[in-house]
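> coords35.cif (mmCIF, C-alpha atoms) pasted underneath:
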data_entry
#
loop_
_atom_site.group_PDB
_atom_site.id
_atom_site.type_symbol
_atom_site.label_atom_id
_atom_site.label_comp_id
_atom_site.auth_asym_id
_atom_site.auth_seq_id
_atom_site.Cartn_x
_atom_site.Cartn_y
_atom_site.Cartn_z
ATOM 1 C CA MET A 1 400.622 82.605 -26.221
ATOM 2 C CA ILE A 2 402.201 85.807 -24.875
ATOM 3 C CA GLU A 3 401.033 84.957 -21.372
ATOM 4 C CA LEU A 4 402.701 81.527 -21.564
ATOM 5 C CA GLY A 5 406.001 83.115 -22.585
ATOM 6 C CA GLU A 6 405.800 85.643 -19.776
ATOM 7 C CA ALA A 7 404.918 82.942 -17.237
ATOM 8 C CA TYR A 8 407.879 80.845 -18.389
ATOM 9 C CA TRP A 9 410.239 83.836 -18.036
ATOM 10 C CA GLN A 10 408.849 84.599 -14.559
ATOM 11 C CA SER A 11 409.419 80.983 -13.533
ATOM 12 C CA LYS A 12 413.115 81.436 -14.345
ATOM 13 C CA ALA A 13 413.525 84.750 -12.490
ATOM 14 C CA GLN A 14 414.885 84.575 -8.932
ATOM 15 C CA GLY A 15 413.398 87.473 -6.970
ATOM 16 C CA ASP A 16 415.029 90.633 -8.327
ATOM 17 C CA HIS A 17 417.543 88.623 -10.372
ATOM 18 C CA LEU A 18 416.744 88.474 -14.071
ATOM 19 C CA PRO A 19 417.037 85.088 -15.757
ATOM 20 C CA ALA A 20 420.033 84.503 -18.024
ATOM 21 C CA ARG A 21 419.997 83.033 -21.521
ATOM 22 C CA ALA A 22 421.454 79.867 -19.963
ATOM 23 C CA ASP A 23 418.278 79.539 -17.856
ATOM 24 C CA ILE A 24 416.083 79.344 -20.956
ATOM 25 C CA ASP A 25 415.726 75.796 -22.291
ATOM 26 C CA PRO A 26 413.957 75.511 -25.661
ATOM 27 C CA LEU A 27 412.856 71.999 -24.690
ATOM 28 C CA ASP A 28 410.717 73.587 -21.949
ATOM 29 C CA ILE A 29 408.695 75.644 -24.438
ATOM 30 C CA PRO A 30 408.479 73.797 -27.788
ATOM 31 C CA ALA A 31 405.027 75.206 -28.615
ATOM 32 C CA LEU A 32 406.332 78.768 -28.194
ATOM 33 C CA LEU A 33 409.461 78.446 -30.346
ATOM 34 C CA PRO A 34 407.784 79.484 -33.626
ATOM 35 C CA GLN A 35 406.773 82.771 -31.914
ATOM 36 C CA VAL A 36 410.139 83.626 -30.345
ATOM 37 C CA ILE A 37 412.835 86.189 -31.104
ATOM 38 C CA LEU A 38 416.153 86.293 -29.267
ATOM 39 C CA LEU A 39 418.111 89.553 -29.493
ATOM 40 C CA ASP A 40 421.669 90.369 -28.446
ATOM 41 C CA VAL A 41 421.949 93.742 -26.706
ATOM 42 C CA ARG A 42 424.743 96.163 -27.582
ATOM 43 C CA ARG A 43 425.159 99.343 -25.538
ATOM 44 C CA ASP A 44 426.750 102.672 -26.392
ATOM 45 C CA PRO A 45 425.287 103.060 -28.903
ATOM 46 C CA TRP A 46 422.222 100.924 -28.364
ATOM 47 C CA ASP A 47 421.581 98.237 -30.957
ATOM 48 C CA PHE A 48 420.034 94.785 -31.092
ATOM 49 C CA ARG A 49 421.130 91.795 -33.189
ATOM 50 C CA PHE A 50 418.675 89.111 -34.208
ATOM 51 C CA ARG A 51 420.240 85.926 -32.858
ATOM 52 C CA LEU A 52 417.218 83.654 -33.358
ATOM 53 C CA ILE A 53 413.849 84.141 -35.051
ATOM 54 C CA GLY A 54 411.046 81.584 -34.846
ATOM 55 C CA THR A 55 409.519 80.236 -38.043
ATOM 56 C CA ASN A 56 406.147 81.914 -37.520
ATOM 57 C CA VAL A 57 407.820 85.277 -36.962
ATOM 58 C CA VAL A 58 409.916 84.816 -40.137
ATOM 59 C CA HIS A 59 406.689 84.032 -42.020
ATOM 60 C CA HIS A 60 405.235 87.372 -40.948
ATOM 61 C CA LEU A 61 408.438 89.307 -41.600
ATOM 62 C CA ALA A 62 408.659 87.786 -45.098
ATOM 63 C CA SER A 63 412.426 87.402 -44.594
ATOM 64 C CA ASP A 64 414.837 85.895 -42.113
ATOM 65 C CA LEU A 65 416.672 88.685 -40.305
ATOM 66 C CA THR A 66 418.893 86.339 -38.274
ATOM 67 C CA GLY A 67 422.284 87.996 -37.772
ATOM 68 C CA ALA A 68 421.073 91.484 -38.742
ATOM 69 C CA TRP A 69 421.348 94.508 -36.484
ATOM 70 C CA MET A 70 418.093 96.359 -35.869
ATOM 71 C CA SER A 71 419.722 99.684 -36.779
ATOM 72 C CA GLU A 72 420.379 98.327 -40.304
ATOM 73 C CA ILE A 73 416.709 97.524 -40.971
ATOM 74 C CA GLU A 74 414.885 100.580 -42.278
ATOM 75 C CA HIS A 75 411.526 100.078 -40.549
ATOM 76 C CA MET A 76 413.153 98.950 -37.256
ATOM 77 C CA SER A 77 415.978 101.461 -36.913
ATOM 78 C CA PRO A 78 415.755 104.404 -34.504
ATOM 79 C CA PRO A 79 413.340 105.984 -33.728
ATOM 80 C CA SER A 80 410.976 103.074 -34.519
ATOM 81 C CA ARG A 81 408.596 101.779 -31.863
ATOM 82 C CA ILE A 82 410.296 98.371 -31.687
ATOM 83 C CA TYR A 83 413.769 99.902 -31.355
ATOM 84 C CA ASN A 84 412.630 102.287 -28.613
ATOM 85 C CA SER A 85 410.826 99.451 -26.805
ATOM 86 C CA CYS A 86 413.995 97.334 -26.845
ATOM 87 C CA VAL A 87 416.030 100.242 -25.455
ATOM 88 C CA GLU A 88 413.435 100.702 -22.699
ATOM 89 C CA VAL A 89 413.572 97.025 -21.658
ATOM 90 C CA ALA A 90 417.375 96.779 -21.917
ATOM 91 C CA SER A 91 417.871 99.912 -19.826
ATOM 92 C CA SER A 92 415.147 99.273 -17.221
ATOM 93 C CA GLY A 93 415.337 95.491 -16.893
ATOM 94 C CA LYS A 94 411.519 95.427 -16.903
ATOM 95 C CA PRO A 95 409.286 93.487 -19.345
ATOM 96 C CA LEU A 96 407.192 95.441 -21.835
ATOM 97 C CA ARG A 97 404.006 94.356 -23.630
ATOM 98 C CA SER A 98 402.763 95.951 -26.832
ATOM 99 C CA ASP A 99 399.739 95.643 -29.082
ATOM 100 C CA THR A 100 400.343 97.063 -32.560
ATOM 101 C CA PRO A 101 398.652 97.121 -35.958
ATOM 102 C CA TYR A 102 399.880 94.347 -38.260
ATOM 103 C CA VAL A 103 402.199 95.620 -40.998
ATOM 104 C CA GLY A 104 403.376 92.329 -42.516
ATOM 105 C CA PRO A 105 402.783 90.836 -45.961
ATOM 106 C CA HIS A 106 399.624 88.865 -45.111
ATOM 107 C CA ARG A 107 396.417 90.854 -45.591
ATOM 108 C CA ASN A 108 394.288 88.556 -43.437
ATOM 109 C CA TYR A 109 396.079 89.672 -40.236
ATOM 110 C CA VAL A 110 395.178 92.838 -38.343
ATOM 111 C CA ARG A 111 397.365 93.109 -35.257
ATOM 112 C CA ALA A 112 400.271 91.683 -33.311
ATOM 113 C CA GLU A 113 400.949 91.414 -29.600
ATOM 114 C CA ASP A 114 404.431 91.038 -28.227
ATOM 115 C CA ILE A 115 406.249 90.957 -24.945
ATOM 116 C CA ILE A 116 409.918 91.860 -24.604
ATOM 117 C CA LEU A 117 411.626 90.170 -21.649
ATOM 118 C CA PRO A 118 415.133 91.003 -20.389
ATOM 119 C CA LEU A 119 417.803 88.332 -19.912
ATOM 120 C CA ALA A 120 420.985 89.086 -17.960
ATOM 121 C CA SER A 121 423.986 86.801 -17.543
ATOM 122 C CA ASP A 122 424.841 88.694 -14.341
ATOM 123 C CA GLY A 123 421.215 88.735 -13.139
ATOM 124 C CA ALA A 124 420.996 92.528 -13.299
ATOM 125 C CA SER A 125 422.170 94.142 -16.560
ATOM 126 C CA PRO A 126 420.270 92.869 -19.625
ATOM 127 C CA ASP A 127 422.533 91.509 -22.358
ATOM 128 C CA MET A 128 419.823 89.695 -24.330
ATOM 129 C CA LEU A 129 416.112 90.169 -24.943
ATOM 130 C CA LEU A 130 413.606 87.342 -25.257
ATOM 131 C CA VAL A 131 410.560 88.322 -27.309
ATOM 132 C CA PHE A 132 407.330 86.421 -27.862
ATOM 133 C CA VAL A 133 405.075 87.579 -30.716
ATOM 134 C CA GLU A 134 401.528 86.552 -31.554
ATOM 135 C CA HIS A 135 399.758 87.607 -34.755
ATOM 136 C CA PHE A 136 395.985 87.884 -34.984
ATOM 137 C CA ARG A 137 393.800 87.321 -38.049
ATOM 138 C CA LYS A 138 390.809 89.384 -39.071
ATOM 139 C CA ASP A 139 387.571 88.096 -37.542
#
Could you take the file, read its structure, and then write that structure out as structure tokens?


Amino acid sequence: MIELGEAYWQSKAQGDHLPARADIDPLDIPALLPQVILLDVRRDPWDFRFRLIGTNVVHHLASDLTGAWMSEIEHMSPPSRIYNSCVEVASSGKPLRSDTPYVGPHRNYVRAEDIILPLASDGASPDMLLVFVEHFRKD
């Protein structure tokens, strides 16, 4: 699932130019939508607002954080791994993959993989982040 999201993002990139939010068409990736997060980027100070959260991600969060700022969420605020990863992608313009232990409400899951992909309306300076998340059950 993560690989499909990354491949889609790469198909929208133009050389060194990052894709913009306008380049991303949900109709192109219907199977990935339940696994997606779209974040607005705010600089100085860094923060990230949940613009869109796929239904599968909401299921694993146990709440819908749409509209919330990451800094306002106790387990996501600085210096959390997810916050620092978002800062890294927003400042570098480079994708970042992570594999982390599962910490959600469902005991039959053990880990999650995600990829954070930069989006830039000007092609260079990320103003949104596109995230794909996949959760894995115990064997």

> List the residues selected by the PyMOL selection byres ((chain A and resi 60) around 9) in the file shown, writing them as a list in words.

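Residues picked by the PyMOL selection byres ((chain A and resi 60) around 9): Thr55, Asn56, Val57, Val58, His59, Leu61, Ala62, Ser63, Val103, Gly104, Pro105, His106 and His135 of chain A.
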
> Leaving out segment 111-118 of chain A and any residue of its chain fewer than 2 positions from it, which residues lie within 9 Å of it when counting all atoms listed in the file, given as number ranges by chain?

A: 2-3, 5-6, 9, 18-20, 85-86, 89-90, 92-103, 109, 120, 125-138

> One decimal, in Å: what's the spacing between atom CA of Asp28 of chain A and atom CA of Ala124 of chain A?

23.2 Å

> Quick one: distance from atom CA of Val41 of chain A to atom CA of Pro78 of chain A in Å, one decimal?

14.6 Å

> Which one is closest to Leu38 of chain A: A:Glu88, A:Ser77, A:Gln14, A:Leu65? Count all atoms listed in the file.

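Result for the nearest residue to Leu38 of chain A: A:Leu65.
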
> With all atoms listed in the file as the atoms that count, which of A:Met70, A:Ala7, A:Leu32, A:Leu119 lies nearest to Ser91 of chain A?

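Checking each candidate against Ser91 of chain A, we get A:Leu119 as the closest.
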
> Put a box with edges along x, y and z around all the listed atoms of segment 102-111 of chain A, pad it by 5 Å on each side, then give me its centre and sizes in Å, one decimal, as JSON.


{"center_x": 398.8, "center_y": 92.1, "center_z": -40.6, "size_x": 19.1, "size_y": 17.1, "size_z": 20.7}

> Please work out which residues fall within 10 Å of (423.5, 85.0, -34.6), coordinates as given in the file, with all atoms listed in the file counting, and return them as a VMD selection string.

chain A and resid 38 to 40 49 to 53 65 to 69

> Counting all atoms listed in the file, which of A:Asp139, A:Ile82, A:Arg43, A:Ser121 gets nearest to Arg21 of chain A?

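The shortest atom-to-atom distance to Arg21 of chain A comes from A:Ser121.
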
> Looking at only C-alpha atoms, which of A:Ile29, A:Ile24, A:Val110, A:Ile73 is the one that sits closest to Leu4 of chain A?

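Ranked by minimum distance to Leu4 of chain A, first place goes to A:Ile29.
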
> Assuming the input is short of atoms at segment 54-70 of chain A, produce N, CA and C atoms for that part as a compact mmCIF listing (two decimals), in the coordinates of the input.


# COMPACT_ATOMS: atom_id res chain seq x y z
N GLY A 54 411.92 82.73 -34.64
CA GLY A 54 411.05 81.58 -34.85
C GLY A 54 410.41 81.58 -36.23
N THR A 55 410.04 80.39 -36.69
CA THR A 55 409.52 80.24 -38.04
C THR A 55 408.24 81.03 -38.30
N ASN A 56 407.37 81.14 -37.32
CA ASN A 56 406.15 81.91 -37.52
C ASN A 56 406.46 83.41 -37.63
N VAL A 57 407.42 83.87 -36.88
CA VAL A 57 407.82 85.28 -36.96
C VAL A 57 408.44 85.55 -38.33
N VAL A 58 409.31 84.66 -38.81
CA VAL A 58 409.92 84.82 -40.14
C VAL A 58 408.82 84.88 -41.20
N HIS A 59 407.81 84.04 -41.08
CA HIS A 59 406.69 84.03 -42.02
C HIS A 59 406.03 85.41 -42.10
N HIS A 60 405.89 86.06 -40.97
CA HIS A 60 405.24 87.37 -40.95
C HIS A 60 406.18 88.51 -41.30
N LEU A 61 407.47 88.29 -41.17
CA LEU A 61 408.44 89.31 -41.60
C LEU A 61 408.69 89.22 -43.10
N ALA A 62 408.42 88.07 -43.68
CA ALA A 62 408.66 87.79 -45.10
C ALA A 62 410.15 87.67 -45.42
N SER A 63 411.00 87.65 -44.40
CA SER A 63 412.43 87.40 -44.59
C SER A 63 413.02 87.00 -43.25
N ASP A 64 414.15 86.33 -43.33
CA ASP A 64 414.84 85.90 -42.11
C ASP A 64 415.91 86.92 -41.79
N LEU A 65 415.74 87.62 -40.70
CA LEU A 65 416.67 88.68 -40.30
C LEU A 65 417.76 88.20 -39.36
N THR A 66 417.89 86.88 -39.19
CA THR A 66 418.89 86.34 -38.27
C THR A 66 420.27 86.89 -38.62
N GLY A 67 420.95 87.42 -37.61
CA GLY A 67 422.28 88.00 -37.77
C GLY A 67 422.29 89.49 -38.05
N ALA A 68 421.15 90.05 -38.42
CA ALA A 68 421.07 91.48 -38.74
C ALA A 68 420.96 92.32 -37.48
N TRP A 69 421.50 93.53 -37.56
CA TRP A 69 421.35 94.51 -36.48
C TRP A 69 420.10 95.33 -36.76
N MET A 70 419.33 95.62 -35.73
CA MET A 70 418.09 96.36 -35.87
C MET A 70 418.33 97.72 -36.53
